[in-house]
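**Q** One structure, pasted below without further comment.
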Amino acid sequence: MSTFITMKVLQFPLARITIGFLSGILVAFYFQPNPQNIFAFLLLFICVFVIAYFVSKRDFVDPIYFGFATYFLAFGIGATTQIIHTNSFQQSNYIQSKAIFEKPHLVAVTVREKLRSSAYNDRYIVLVNQVDDAVKTGRILLNVRKDSLKQSFEIGSHLQINGSLYKSGPAKNPNQFDYGKYLESKQIYAQLYADASEIKIGSVIEKDVWYYTSRLRSKIIGNLEKSNFNKAELNVAIALILGQQQDISPEIIRDYQFAGAVHILSVSGLHIGFILLFVTFLLKPFPNTRRGSFIKLLIILASLASFGLIAGLAPSVLRSVTMFSFVAIGMYLRRSTNIFHTLLVSMLLILLVQPSFLFDVGFQLSYVALFFILWLQPLLAQLWTPRNVIVNYFWEILTVSFAAQIGAFPLSIYYFHQFPGLFFVTNLVIIPFLSVIMALGVLVMVLAAFDFVPLFLAKSLEWSIFILNKIINAIASLEQFIIQDIPFNWQLLVSVYLLLIATIIWFKKPSFNRLALTLIAIIIFQITYFETHRRIQIQSELVIFNAKKNTMIAERKGKNITFYANDSLLKTASKNKTLASYAMGNFSSLKSKKSLQNLIYYNGNKILIVDSLGVYPKDIHPDIVLFTQSPKINLERFLQTTKPKFVLADASNYRTIQKLWKATCLKQKIPFHATAEKGFYRLD
């Protein structure tokens, strides 16, 4: 009996351990606890786990205590892993220096990665080596003004930059993408802006794995350019095969987004899966003996690792290579029935090495899509069994596509707020085509690495990508099938996944209990939906946006928005991204537009707007004053005359004037809010 209980306890479900581990990462990320407390709790959990293990071996003790101890230990390991890998907790990190943002510094860095250029800057992720005379560590986003740099920095280059570090703050407008938070999840806590003339390039290059993979990619791209490979198609080929999207035109990316195929432009599970199948196909002549299978496994793992190196060890590449390496090992061990355990093991291993991947949208979408393919696709495939081989092939593609899309649908809506209605058409057309492009592309890239690019292969790849782009463009042009600006919050996200999971469980094995569970999930979704809209309906607020060179004000009552701006902005209000994000985030819509007035009354508050003319009624006593377009007034005299309770300055004013206004208001003990510094202002 004792042995039976011990064996049963030791076979603790991996899924529950994973949930505990993920919970630990989430708590450590969002609550930022003291590292010493986390380590103390981990030590406590280890002691409890050891005691529970020995106690559970006794016949009269319920083994459930060991289960709870395992949960807590997994939670502690997850939280500790997140703390250890959070750079801001390290004493050597530049963010620990209190005066780091107060004045310019001489910063020594090493170039790690080149990013897609913005409208005004070439961008790089760089590793900090030294700040002034102090040795420091950390990651910085370096922005170099476009056209000031003759050629891109080589990966591994040592740079010395004399400039100021800027902390990435929160979003300056409501419901806007929080770029500062996004950078923080990538362990980047500051940005540095510089002109090429302010940067000194060192003579020594750090030759690590990133340097050599970058050189290899540059060699491949250079050889393809020499073969007169068309530039537009070459950029797509580099993204498809090497995972480098830096030079793809915004128009092509937009087409792929609208067609529901943007995932193929970044190396992910789809690409690595193709590599695995392709290499497995090439190794079919190998004997299926124990030794032959082991050699095949080593070749497959080496091929996947090599592809990961060539693709630059990007996060999406690393997680996909790790995931499919475990799939290959599972195939070698012939344990296909434990594919879900394989998936969980790969996830745990990746997050143990880099827990921040959990907050990466690509990571979440990859694992959710793959889970639903493995779980839901067999159920969809049973709906129809075509006798024709070709029809069956396309039916499998369709069921895989639907399974992945059903699983990823709530997350996609939550993050991107749009849905490509023709995704199934896109996948039916491009997946068979993509398999040919991937096989041909890998072959061409490998040959290019050895300075050999056969013209007929290069042209075949170029024309294949040209046709692919045309197909994607044709599908994307049907904009009536693209649903955009879909409002969605995290409460709806959770309730939709509960409904999806409960429904699939019921369909897999119908029973009264499972039907009851599905009905409960439907009720939870309905309550969440109606409660969200009820809460929005009773809200009322006035928002002054942070808009460069313009003044934008929105008054929202429930779901109805009244927009105040100058005439030129009112004409394009329906296309204004800032206003659209605000409306979508609040489940609202634009109902009326009004030109800016000198006075706005809201909720008992009198708001005076003073523009560039500087004209205002002398006998008015406003509650709030909003300065726009840099009016030339004597602020001290103005404050003594009007006696406002609060002063606002939007981003249409010059920064130098705002600094003077801030000092004057501080002297007069009147609260001052500049949207360029603090972001939008909300009056409830």
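Order determines the names: the first chain of the structure tokens is A, the second B, and so forth; residues in each chain are numbered 1 upward, and ligands are numbered 1 upward as they are shown.
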I'd like a table as a tab-separated table: residues in range 120-150 of chain A with an atom no more than 12 Å from range 239-260 of chain A, each row giving the shortest atom pair and its distance in Å to one decimal, only C-alpha atoms counted, sorted by chain and rising residue number.

**A**
```
residue	atom	partner	partner_atom	distance
A:Asp122	CA	A:Gln246	CA	10.2
A:Arg123	CA	A:Gln246	CA	10.0
A:Tyr124	CA	A:Gln246	CA	11.1
```

**Q** Name the residues of range 378-463 of chain A that fall into alpha helix (DSSP H) according to DSSP on the backbone, using the chain letters and numbers of this document, as a ChimeraX atom specification.

**A** /A:378-381,389-416,423-449,455-463

**Q** Pick out the closest residue to Leu683 in chain A from this set: A:Ile155, A:Ala554, A:Ile275, A:Met584. Count only C-alpha atoms.

**A**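 Among the listed residues, the smallest separation from Leu683 in chain A belongs to A:Ala554.
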
**Q** Compile the contact shell of Leu443 in chain A as a PDB file with C-alpha atoms, in the first residue's frame: residues with an atom at most 12 Å away, counting only C-alpha atoms, same-chain residues fewer than 3 positions apart removed.

**A**
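Final output, result24.pdb:
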```
ATOM      1  CA  ILE A 220      23.902  34.962 -47.538  1.00  0.00           C
ATOM      2  CA  ILE A 241      13.731  31.883 -43.950  1.00  0.00           C
ATOM      3  CA  ILE A 275      12.143  22.170 -41.382  1.00  0.00           C
ATOM      4  CA  PHE A 278      11.685  18.306 -44.597  1.00  0.00           C
ATOM      5  CA  VAL A 279      14.749  16.911 -42.790  1.00  0.00           C
ATOM      6  CA  PHE A 307      18.631  26.925 -38.501  1.00  0.00           C
ATOM      7  CA  VAL A 436       7.555  24.638 -51.601  1.00  0.00           C
ATOM      8  CA  ILE A 437       8.976  28.101 -50.831  1.00  0.00           C
ATOM      9  CA  MET A 438      10.446  26.916 -47.519  1.00  0.00           C
ATOM     10  CA  ALA A 439      12.143  23.875 -49.087  1.00  0.00           C
ATOM     11  CA  LEU A 440      13.443  25.953 -51.992  1.00  0.00           C
ATOM     12  CA  VAL A 446      22.428  27.018 -47.581  1.00  0.00           C
ATOM     13  CA  LEU A 447      24.044  27.220 -51.024  1.00  0.00           C
ATOM     14  CA  ALA A 448      24.427  31.013 -50.670  1.00  0.00           C
ATOM     15  CA  ALA A 449      26.291  30.431 -47.404  1.00  0.00           C
ATOM     16  CA  PHE A 450      28.873  28.524 -49.475  1.00  0.00           C
ATOM     17  CA  PHE A 452      27.115  29.290 -54.656  1.00  0.00           C
ATOM     18  CA  VAL A 453      23.754  30.560 -55.914  1.00  0.00           C
ATOM     19  CA  PRO A 454      22.425  28.694 -58.977  1.00  0.00           C
ATOM     20  CA  LEU A 457      17.043  28.195 -58.099  1.00  0.00           C
ATOM     21  CA  ALA A 458      17.322  31.879 -57.158  1.00  0.00           C
ATOM     22  CA  SER A 460      12.485  30.102 -58.926  1.00  0.00           C
ATOM     23  CA  LEU A 461      12.479  31.345 -55.326  1.00  0.00           C
TER      24      LEU A 461
END
```

**Q** Each residue of range 129-218 of chain A with at least one atom at most 12 Å from range 407-417 of chain A should appear once, together with its nearest atom pair and the corresponding distance in Å (one decimal); atoms considered: only C-alpha atoms; ordering: chain, then increasing residue number; output as a tab-separated table.

**A**
```
residue	atom	partner	partner_atom	distance
A:Asn175	CA	A:Tyr415	CA	11.6
A:Gln176	CA	A:Tyr415	CA	11.4
A:Phe177	CA	A:Tyr415	CA	9.5
A:Asp178	CA	A:Tyr415	CA	11.7
```

**Q** For the residues in that selection, give me N, CA and C atoms as a short mmCIF file (atom, residue, chain, number, x, y, z; two decimals), in the first residue's frame.

**A**
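Produced file result_34.cif, reproduced below:
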```cif
data_model
loop_
_atom_site.label_atom_id
_atom_site.label_comp_id
_atom_site.auth_asym_id
_atom_site.auth_seq_id
_atom_site.Cartn_x
_atom_site.Cartn_y
_atom_site.Cartn_z
N ASN A 175 -5.73 54.12 -23.57
CA ASN A 175 -5.95 52.93 -24.40
C ASN A 175 -4.98 52.83 -25.57
N GLN A 176 -3.85 53.51 -25.44
CA GLN A 176 -2.82 53.47 -26.48
C GLN A 176 -1.82 52.36 -26.15
N PHE A 177 -1.16 51.83 -27.20
CA PHE A 177 -0.14 50.81 -26.97
C PHE A 177 0.95 51.37 -26.06
N ASP A 178 1.23 50.66 -24.97
CA ASP A 178 2.21 51.12 -23.99
C ASP A 178 3.59 50.62 -24.40
#
```

**Q** Under the rule that only C-alpha atoms are counted, which of A:Ala302, A:Phe294, A:Ala369, A:Gln130 is the nearest residue to Tyr332 in chain A?

**A** A:Phe294

**Q** List as a ChimeraX atom specification the protein and nucleic acid residues near Thr578 in chain A, meaning an atom at most 8 Å away when only C-alpha atoms are counted, but skip any in the same chain fewer than 3 places from it.

**A** /A:173,176,581-582

**Q** I want to know what sits within 7 Å of range 613-621 of chain A, based on only C-alpha atoms, with residues of the same chain fewer than 5 positions away left out; could you give that as a PyMOL selection string?

**A** chain A and resi 631-633+642-644
